[in-house]
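Asker: Have a look at this one.
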Amino acid sequence: MNSLTLQSESVPELDARAVRVQVTAVGLNFADIFALTGLYSATPEGSFIPGLEYAGEIVAIGQNVEGFCVGDRVMGVTRFGGYATVIDSPEEYVHLIPPGWDDAQGAAFLAQTLTAWYALKALGDIQPGHKVLIHSAAGGVGLQAMRLARAVGAIPVGSVGSADKLELLLSEGFSDVLVREHSFSSQLRRQGRRFDLVLDAIGGEVQLASFAALEPMGRLVVFGAAEFTPTGSRPNYFSAIWKFLRRPRYDVMSMISENKSVLAFNLIWLWQRQERMHALLDELQQIDLPPPYVGHQFPFSDAHGALDCLRSGKSTGKVVLRVNLSGL
């Protein structure tokens, strides 16, 4: 993490099918932390610029671009390279910011909302009336998943690690929220909790307890492993290896007899599946969602502070970097 430093580079010639975006906000994700500490398999080799999503204003367009104009406010996704003040992007990977949203909200929307919707709909096959347990419910992905589950008529149940995150969820109208106890499995059994669908990006005992609480035909959808998040600038490899050896493992024969499923994904694959990504976005446009909740904003020059906030486990909603060119 200490190797993250500000660098200056010249801007290349703009491709004919690309737009040039003056970046005003950058959305942070746990993938950034894992990439910077060498724990993310999709990380480019050698030096790289982290960051998967951003927002800003188009300042130039390639000669073959048809869908955008100079001056358009856009939000975009990128396979790394998001921590930048200028981004050249193929036009397929940028989208207009909805009216009434600010740039921080635009930078907070695409990665976390696509993650939540793909987990709920494409993999989870969410249906009206389903009881859906959503871990880290006050975080960026978690809060969007809670909103989406409610919007399609399911019954979202949130899970958080500390009581100080309850206020945000209550203000959003979510009254069924579990503050996880030391033994989450005992907590679920004591309360008689059962679920049709679980979204998990924590791992470990929390994940095992969630799987055990699935109803027949229930699905556990996994898209992260926050328990491996490094607490310092470098991973604690002894701790990581110990957790890896004790990670949840599932026996397919038992899953057949219990009629339960485990599915896992990494959203970065959507970068190579443009049609699928746009189909998911089209589905989301049919759902009445408020702007994403941005809980923390940091100046671009304080990326280290923003990353520390995200990995602290104390953040709520999205953590965003704001770009002020005069202050760099």
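By order of appearance in the structure tokens: chains A, B, ..., then residues from 1 within every chain, and ligands from 1 in the order shown.
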Env of A:Asn259: 7 Å cut, atoms = only C-alpha atoms, seq-sep filter 2 positions within chain, self excluded. Answer as a list in words.
Answerer: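 What passes the distance filter is Pro216, Met217, Met255, Ile256, Ser257 and Ser261 of chain A.
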Asker: List the neighbours of A:Gly161 out to 10 Å using only C-alpha atoms; skip same-chain residues closer than 6 positions along the sequence, and give me the result as an NGL selection string.
Answerer: :A and (135-138 or 178-182 or 313-314)
Asker: Can I get the selection written as a CSV table (one decimal), in the first residue's frame, with N, CA, C and O atoms?
Answerer:
chain,number,residue,atom,x,y,z
A,135,HIS,N,-25.1,-9.5,4.1
A,135,HIS,CA,-24.0,-9.1,5.1
A,135,HIS,C,-23.4,-7.8,4.7
A,135,HIS,O,-23.5,-7.3,3.5
A,136,SER,N,-22.8,-7.1,5.7
A,136,SER,CA,-22.2,-5.8,5.5
A,136,SER,C,-23.3,-4.9,4.9
A,136,SER,O,-23.0,-4.1,3.9
A,137,ALA,N,-24.5,-4.9,5.5
A,137,ALA,CA,-25.6,-4.2,4.9
A,137,ALA,C,-25.5,-2.7,4.9
A,137,ALA,O,-26.2,-2.0,4.1
A,138,ALA,N,-24.6,-2.1,5.6
A,138,ALA,CA,-24.4,-0.7,5.7
A,138,ALA,C,-23.3,-0.2,4.7
A,138,ALA,O,-23.0,1.0,4.6
A,178,LEU,N,-29.5,-7.6,11.8
A,178,LEU,CA,-28.8,-8.3,12.8
A,178,LEU,C,-27.4,-7.7,13.1
A,178,LEU,O,-26.7,-7.5,12.2
A,179,VAL,N,-27.1,-7.4,14.4
A,179,VAL,CA,-25.8,-7.0,14.8
A,179,VAL,C,-25.1,-8.3,15.1
A,179,VAL,O,-25.5,-9.0,16.1
A,180,ARG,N,-24.2,-8.8,14.3
A,180,ARG,CA,-23.6,-10.1,14.5
A,180,ARG,C,-22.9,-10.3,15.8
A,180,ARG,O,-22.1,-9.4,16.3
A,181,GLU,N,-23.2,-11.4,16.5
A,181,GLU,CA,-22.6,-11.7,17.8
A,181,GLU,C,-21.3,-12.5,17.5
A,181,GLU,O,-21.1,-12.9,16.4
A,182,HIS,N,-20.6,-12.8,18.6
A,182,HIS,CA,-19.3,-13.6,18.4
A,182,HIS,C,-19.6,-14.9,17.7
A,182,HIS,O,-18.8,-15.3,16.9
A,313,GLY,N,-13.3,-1.1,8.5
A,313,GLY,CA,-14.6,-1.8,8.9
A,313,GLY,C,-15.6,-0.8,9.5
A,313,GLY,O,-16.7,-1.3,9.9
A,314,LYS,N,-15.2,0.4,9.6
A,314,LYS,CA,-16.1,1.4,10.2
A,314,LYS,C,-16.8,2.3,9.2
A,314,LYS,O,-17.7,3.1,9.7
Asker: Point out the residue among A:Gln285, A:Ser301, A:Thr115, A:Ser10 with the least atom-to-atom distance to A:Leu199, counting only C-alpha atoms.
Answerer: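 Of A:Gln285, A:Ser301, A:Thr115, A:Ser10, the one nearest A:Leu199 is A:Thr115, counting only C-alpha atoms.
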Asker: Where in stretch 99-260 of chain A does DSSP assign helix (DSSP H, G or I), given as a count of residues only?
Answerer: 76
Asker: With a distance cut-off of 9 Å and only C-alpha atoms, select the neighbouring residues of A:Leu143, excluding the residue or stretch itself and same-chain residues fewer than 4 positions from it, and output the selection as a list in words.
Answerer: Ala116, Ile134, Ser136, Ala137, Ala138, Gly139, Arg147, Leu148, Gly158, Leu169, Pro292, Tyr293, Thr316 and Gly317 of chain A
Asker: Based on the selection just made, write C-alpha atoms of those residues as a tab-separated table (two decimals), in the first residue's frame.
Answerer:
chain	number	residue	atom	x	y	z
A	116	ALA	CA	-25.47	-6.34	-5.92
A	134	ILE	CA	-27.31	-9.42	3.20
A	136	SER	CA	-22.22	-5.79	5.48
A	137	ALA	CA	-25.61	-4.21	4.86
A	138	ALA	CA	-24.42	-0.67	5.66
A	139	GLY	CA	-21.59	-0.82	3.12
A	147	ARG	CA	-32.60	-1.48	-1.63
A	148	LEU	CA	-32.80	-3.78	-4.63
A	158	GLY	CA	-29.31	-6.91	7.03
A	169	LEU	CA	-30.19	1.29	7.87
A	292	PRO	CA	-26.24	5.70	-3.88
A	293	TYR	CA	-25.30	6.72	-0.37
A	316	THR	CA	-20.79	3.23	5.84
A	317	GLY	CA	-21.96	3.53	2.25
